[in-house]
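Raw contents of work.csv, CSV, C-alpha atoms:
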```
chain,number,residue,atom,x,y,z
G,24,MET,CA,-2.0,4.2,-32.8
G,25,SER,CA,-0.9,7.5,-31.2
G,26,ILE,CA,-0.1,7.6,-27.4
G,27,ARG,CA,-3.1,10.0,-27.0
G,28,THR,CA,-5.5,7.6,-28.7
G,29,PHE,CA,-4.0,4.7,-26.7
G,30,LEU,CA,-4.6,6.5,-23.4
G,31,LEU,CA,-8.1,7.5,-24.3
G,32,CYS,CA,-9.0,3.9,-25.1
G,33,LEU,CA,-7.4,2.7,-21.9
G,34,LEU,CA,-9.2,5.3,-19.8
G,35,ALA,CA,-12.5,4.2,-21.3
G,36,SER,CA,-11.9,0.5,-20.7
G,37,LEU,CA,-10.8,1.2,-17.1
G,38,ALA,CA,-13.6,3.6,-16.1
G,39,PHE,CA,-14.9,1.0,-13.6
G,40,VAL,CA,-11.6,0.6,-11.7
G,41,LEU,CA,-12.0,1.4,-8.0
G,42,PRO,CA,-9.4,3.7,-6.3
G,43,LEU,CA,-6.3,1.9,-5.1
G,44,ARG,CA,-6.0,1.4,-1.3
G,45,ALA,CA,-4.3,-0.7,1.3
G,46,GLN,CA,-5.7,-4.2,1.2
G,47,ASN,CA,-6.8,-5.5,4.6
G,48,ILE,CA,-5.6,-9.1,5.3
G,49,GLY,CA,-6.7,-9.4,8.9
G,50,THR,CA,-7.0,-8.0,12.4
G,51,VAL,CA,-5.8,-9.4,15.7
G,52,THR,CA,-7.2,-8.3,19.1
G,53,PHE,CA,-5.6,-8.2,22.5
G,54,GLY,CA,-6.4,-8.3,26.2
G,55,PHE,CA,-6.2,-5.1,28.3
G,56,ASP,CA,-2.7,-3.7,28.8
G,57,SER,CA,-1.2,-6.8,27.1
G,58,SER,CA,0.8,-7.7,24.0
G,59,VAL,CA,0.4,-11.5,24.7
G,60,LEU,CA,-1.3,-13.5,22.0
G,61,ASP,CA,-4.2,-15.6,23.4
G,62,PRO,CA,-5.6,-18.7,21.6
G,63,SER,CA,-8.1,-16.7,19.6
G,64,ALA,CA,-5.4,-14.3,18.5
G,65,ARG,CA,-3.1,-17.1,17.5
G,66,ALA,CA,-5.9,-18.7,15.5
G,67,GLU,CA,-6.5,-15.4,13.6
G,68,ILE,CA,-2.7,-15.1,12.9
G,69,LYS,CA,-2.7,-18.6,11.5
G,70,GLU,CA,-5.5,-17.6,9.1
G,71,ILE,CA,-3.7,-14.4,8.1
G,72,ALA,CA,-0.5,-16.3,7.5
G,73,GLY,CA,-2.4,-18.7,5.3
G,74,ARG,CA,-3.8,-15.8,3.2
G,75,LEU,CA,-0.4,-14.3,2.8
G,76,LEU,CA,1.2,-17.6,1.8
G,77,SER,CA,-1.6,-18.5,-0.7
G,78,SER,CA,-1.6,-15.1,-2.4
G,79,PRO,CA,2.0,-14.0,-3.2
G,80,SER,CA,2.1,-10.2,-3.7
G,81,TYR,CA,4.8,-7.6,-4.6
G,82,LYS,CA,3.2,-5.2,-2.1
G,83,PRO,CA,4.8,-4.9,1.3
G,84,THR,CA,3.0,-6.3,4.3
G,85,VAL,CA,2.4,-3.6,6.9
G,86,VAL,CA,1.8,-4.6,10.6
G,87,VAL,CA,0.4,-1.8,12.8
G,88,GLY,CA,-0.5,-1.9,16.5
G,89,PHE,CA,-3.3,0.1,18.2
G,90,THR,CA,-4.5,0.5,21.8
G,91,ASP,CA,-7.6,1.7,23.6
G,92,ALA,CA,-7.8,5.2,25.1
G,93,VAL,CA,-6.7,4.2,28.6
G,94,GLY,CA,-3.2,5.4,29.6
G,95,SER,CA,-0.8,8.0,28.3
G,96,GLN,CA,0.1,8.7,24.7
G,97,GLY,CA,3.7,7.6,25.2
G,98,TYR,CA,2.8,4.4,27.0
G,99,ASN,CA,0.2,3.4,24.4
G,100,GLN,CA,2.6,4.1,21.6
G,101,GLN,CA,5.0,1.5,23.0
G,102,LEU,CA,2.2,-0.9,23.8
G,103,GLY,CA,0.9,-0.7,20.2
G,104,LEU,CA,4.4,-1.4,18.9
G,105,ALA,CA,4.9,-4.4,21.3
G,106,ARG,CA,1.6,-5.8,19.9
G,107,ALA,CA,2.7,-5.3,16.3
G,108,ARG,CA,6.0,-7.1,17.0
G,109,SER,CA,4.2,-10.0,18.7
G,110,VAL,CA,2.1,-10.4,15.5
G,111,GLN,CA,5.2,-10.1,13.3
G,112,LYS,CA,7.0,-12.8,15.2
G,113,ALA,CA,4.0,-15.1,15.1
G,114,LEU,CA,3.5,-14.6,11.4
G,115,ILE,CA,7.2,-15.6,10.8
G,116,ALA,CA,6.7,-18.6,13.0
G,117,GLU,CA,3.8,-19.6,10.8
G,118,GLY,CA,6.0,-19.7,7.8
G,119,VAL,CA,5.6,-16.2,6.4
G,120,PRO,CA,9.1,-15.2,5.0
G,121,VAL,CA,10.8,-12.3,6.8
G,122,SER,CA,11.1,-10.6,3.4
G,123,ARG,CA,7.3,-10.4,3.2
G,124,ILE,CA,7.0,-8.3,6.3
G,125,GLY,CA,7.5,-4.6,5.5
G,126,ALA,CA,6.8,-1.9,8.0
G,127,VAL,CA,6.0,-2.7,11.6
G,128,GLY,CA,4.7,0.3,13.6
G,129,SER,CA,2.3,1.7,16.2
G,130,ARG,CA,-0.4,4.4,16.2
G,131,GLY,CA,-1.0,3.9,19.9
G,132,LYS,CA,-4.4,5.3,21.0
G,133,ASN,CA,-4.9,7.2,17.8
G,134,GLU,CA,-7.5,6.1,15.3
G,135,LEU,CA,-9.9,4.4,17.8
G,136,LEU,CA,-12.4,2.2,16.1
G,137,VAL,CA,-14.9,2.8,19.0
G,138,ALA,CA,-14.7,6.4,20.3
G,139,VAL,CA,-14.8,5.6,24.1
G,140,ALA,CA,-12.5,6.8,26.9
G,141,GLY,CA,-12.6,3.4,28.7
G,142,PRO,CA,-11.3,-0.1,27.9
G,143,GLU,CA,-12.6,-1.4,24.6
G,144,LYS,CA,-11.3,-4.6,23.1
G,145,ARG,CA,-12.1,-3.6,19.5
G,146,ASN,CA,-9.6,-0.8,19.9
G,147,ARG,CA,-6.8,-3.1,21.2
G,148,ARG,CA,-5.8,-4.5,17.9
G,149,VAL,CA,-3.1,-5.1,15.3
G,150,THR,CA,-4.0,-4.7,11.6
G,151,VAL,CA,-2.2,-6.6,8.8
G,152,THR,CA,-2.5,-5.0,5.4
G,153,LEU,CA,-0.8,-5.0,2.0
G,154,ASP,CA,0.3,-1.4,1.6
G,155,ASP,CA,-0.5,0.3,-1.7
G,156,ILE,CA,1.1,3.6,-0.8
G,157,PHE,CA,4.7,4.3,-1.6
G,158,ALA,CA,4.7,7.8,-0.1
G,159,ALA,CA,8.3,7.4,1.1
G,160,CYS,CA,9.5,6.9,-2.4
G,161,ARG,CA,12.8,8.9,-2.6
G,162,SER,CA,13.9,7.0,-5.7
G,163,TRP,CA,12.3,4.4,-7.9
G,164,ARG,CA,15.2,2.1,-7.1
G,165,ASP,CA,14.1,1.9,-3.5
G,166,LEU,CA,11.0,-0.1,-4.3
G,167,GLY,CA,12.9,-3.3,-4.9
G,168,LEU,CA,10.7,-5.0,-7.4
G,169,THR,CA,12.1,-8.1,-9.2
G,170,GLU,CA,11.2,-10.2,-12.2
G,171,ALA,CA,9.2,-12.3,-9.8
G,172,SER,CA,7.0,-9.3,-9.1
G,173,VAL,CA,5.7,-9.2,-12.6
G,174,GLY,CA,2.2,-10.8,-13.0
G,175,ALA,CA,-1.5,-10.2,-13.2
G,176,GLU,CA,-1.7,-8.2,-9.9
G,177,LEU,CA,1.1,-5.8,-10.9
G,178,ALA,CA,-0.3,-5.4,-14.4
G,179,GLN,CA,-3.7,-4.4,-13.1
G,180,ASP,CA,-2.1,-1.9,-10.7
G,181,LEU,CA,-0.1,-0.4,-13.4
G,182,ARG,CA,-3.1,0.1,-15.6
G,183,SER,CA,-5.1,1.6,-12.7
G,184,ARG,CA,-2.3,4.0,-12.0
G,185,LEU,CA,-1.9,4.9,-15.6
G,186,ALA,CA,-5.7,5.7,-15.8
G,187,GLU,CA,-5.6,7.9,-12.7
G,188,ALA,CA,-2.4,9.7,-13.6
G,189,ALA,CA,-3.7,10.4,-17.2
G,190,GLY,CA,-6.9,11.7,-15.7
G,191,ALA,CA,-5.1,14.0,-13.2
G,192,TYR,CA,-2.8,15.3,-15.9
G,193,GLU,CA,-5.6,16.2,-18.2
G,194,GLN,CA,-7.6,17.9,-15.5
G,195,LEU,CA,-4.6,19.9,-14.4
G,196,ARG,CA,-3.7,20.8,-18.0
G,197,ARG,CA,-7.2,22.1,-18.6
G,198,SER,CA,-7.2,24.1,-15.4
G,199,GLY,CA,-3.9,25.8,-16.5
G,200,VAL,CA,-2.1,24.7,-13.3
G,201,ASN,CA,1.6,24.1,-14.0
G,202,GLY,CA,3.0,23.1,-10.6
G,203,PRO,CA,4.5,20.0,-8.9
G,204,ALA,CA,1.3,18.1,-9.2
G,205,TYR,CA,1.1,18.7,-12.9
G,206,GLN,CA,4.7,17.7,-13.4
G,207,MET,CA,4.4,14.5,-11.3
G,208,ALA,CA,1.1,13.6,-13.1
G,209,GLY,CA,2.9,13.9,-16.4
G,210,ALA,CA,5.9,11.8,-15.2
G,211,ALA,CA,3.5,9.1,-13.8
G,212,ARG,CA,1.5,9.1,-17.0
G,213,GLU,CA,4.6,8.7,-19.1
G,214,ASP,CA,6.3,6.0,-17.0
G,215,CYS,CA,3.1,4.0,-16.2
G,216,GLY,CA,2.2,4.1,-19.9
G,217,THR,CA,5.7,2.8,-20.8
G,218,ALA,CA,5.5,0.0,-18.1
G,219,VAL,CA,2.0,-1.1,-19.4
G,220,GLY,CA,3.3,-1.2,-22.9
G,221,PHE,CA,6.2,-3.6,-22.2
G,222,ARG,CA,5.7,-7.4,-22.4
G,223,ASP,CA,6.0,-9.2,-19.1
G,224,ASP,CA,9.3,-10.8,-20.2
G,225,ALA,CA,10.8,-7.4,-21.3
G,226,VAL,CA,14.1,-6.6,-19.7
G,227,ARG,CA,13.0,-3.1,-18.7
G,228,LYS,CA,9.5,-4.0,-17.5
G,229,VAL,CA,10.5,-4.0,-13.8
G,230,GLU,CA,12.4,-0.7,-14.1
G,231,TYR,CA,9.5,1.2,-15.6
G,232,ALA,CA,7.1,-0.4,-13.2
G,233,GLN,CA,9.2,1.0,-10.3
G,234,ARG,CA,9.3,4.4,-12.0
G,235,CYS,CA,5.5,4.3,-12.4
G,236,LEU,CA,4.9,3.4,-8.7
G,237,CYS,CA,7.3,6.0,-7.4
G,238,ASN,CA,6.1,8.9,-9.6
G,239,PHE,CA,2.5,7.9,-8.9
G,240,ALA,CA,3.2,8.2,-5.1
G,241,ARG,CA,4.8,11.5,-5.6
G,242,MET,CA,1.9,12.7,-7.7
G,243,LYS,CA,-0.6,11.7,-4.9
G,244,VAL,CA,1.5,13.7,-2.3
G,245,ALA,CA,1.6,16.7,-4.7
G,246,LEU,CA,-2.1,16.6,-5.4
G,247,GLN,CA,-2.9,16.7,-1.6
G,248,ALA,CA,-0.7,19.7,-1.3
G,249,ASN,CA,-2.1,21.4,-4.4
```

Rewrite the coordinates I just gave you, this time as structure tokens.
Amino acid sequence: MSIRTFLLCLLASLAFVLPLRAQNIGTVTFGFDSSVLDPSARAEIKEIAGRLLSSPSYKPTVVVGFTDAVGSQGYNQQLGLARARSVQKALIAEGVPVSRIGAVGSRGKNELLVAVAGPEKRNRRVTVTLDDIFAACRSWRDLGLTEASVGAELAQDLRSRLAEAAGAYEQLRRSGVNGPAYQMAGAAREDCGTAVGFRDDAVRKVEYAQRCLCNFARMKVALQAN
């Protein structure tokens, strides 16, 4: 079977795949102007930790703090970060390995859930997600996958990325566009196809999985700028 026939068959079989996105694990809310965890927050963190521990994943866990609209931008940025760090420490105390926690950050009073100028508890939150975007991928070696990362979840993501990259490449080819997006789509299609083709116990499976994830991220960035 040629690579073109293989890709066409794979695209047809994956037509139902939803777009990849960050997977939400849970949300913790806070009192006004506070980064202290109350009993309900600690209960939610316990549940989040249970979800993380029961579902091992190669994806980095991202902890992001938010505030309501009261106060200055700078103050709320720091408050959001303090809330995120409180959740990070509590997750580790619940048994989540330090290595499972990826980025910890703050968006302050940006991205309000409820668009009000006054106090609103639903805006005072920390989200815990499994990140699916590797936009900061400078090199595929930065992703840090290991043989333990290989499994059903990674295999499904590789197939999904292969389908999307092949579709983007074909669309750009037909349009006659030969820029960074086209080049990255071609690279992602090639590396994701190679990664999918390897058996799980193949020595180079991890390497090409990292190449796939990295070039896919670069492709997404290039497509947005296209």

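Distance annotation: of G:Ala92, G:Leu153, G:Leu102, G:Val110, the residue with the minimal separation from Leu135 of chain G is G:Ala92; atom set is only C-alpha atoms.
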
Nearest candidate to Leu136 of chain G (options G:Trp163, G:Phe89, G:Gly94, G:Lys228; using all atoms listed in the file): G:Phe89

Residue with smallest distance to Val93 of chain G - pool G:Thr50, G:Ser80, G:Asn133, G:Thr169, counting all atoms listed in the file: G:Asn133

Interatomic distance, atom CA of Ala107 of chain G to atom CA of Val149 of chain G (Å, one decimal): 5.9 Å

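Protein and nucleic acid residues near (9.2, -1.6, -19.6) are Asp214, Cys215, Thr217, Ala218, Val219, Gly220, Phe221, Arg222, Asp223, Ala225, Val226, Arg227, Lys228, Val229, Glu230, Tyr231 and Ala232 of chain G, the criterion being any atom at most 9 Å away using all atoms listed in the file.
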
Contacts of segment 236-240 of chain G at 12 Å (only C-alpha atoms; same-chain gap of 3+ positions) as JSON, numbers by chain: {"G": [43, 81, 82, 155, 156, 157, 158, 159, 160, 161, 162, 163, 164, 165, 166, 167, 168, 177, 178, 180, 181, 182, 183, 184, 185, 186, 187, 188, 189, 191, 192, 203, 204, 205, 206, 207, 208, 209, 210, 211, 212, 213, 214, 215, 216, 218, 219, 229, 230, 231, 232, 233, 243, 244, 245, 246, 247]}

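Distance check against Gly49 of chain G using only C-alpha atoms: of G:Pro142, G:Pro62, G:Gly73, G:Pro83, the minimum falls on G:Gly73.
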
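The space between atom CA of Lys144 of chain G and atom CA of Asn47 of chain G spans 19.1 Å.
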
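For the residues G:Gln101, G:Gln179, G:Ser77, G:Thr84, ranking by smallest atom-to-atom distance to Val151 of chain G using all atoms listed in the file places G:Thr84 first.
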
Residues near Gly88 of chain G, cut-off 12 Å, only C-alpha atoms, skip fewer than 3 positions along chain, as JSON, numbers by chain: {"G": [50, 51, 52, 53, 57, 58, 85, 91, 99, 100, 101, 102, 103, 104, 105, 106, 107, 108, 109, 110, 111, 126, 127, 128, 129, 130, 131, 132, 133, 134, 135, 146, 147, 148, 149, 150, 151, 152]}

Gap from atom CA of Leu114 of chain G to atom CA of Ala72 of chain G - Å, one decimal: 5.8 Å

Top pick for closest residue to Asp224 of chain G, considering G:Ala171, G:Val121, G:Met242, G:Val200 and counting all atoms listed in the file: G:Ala171
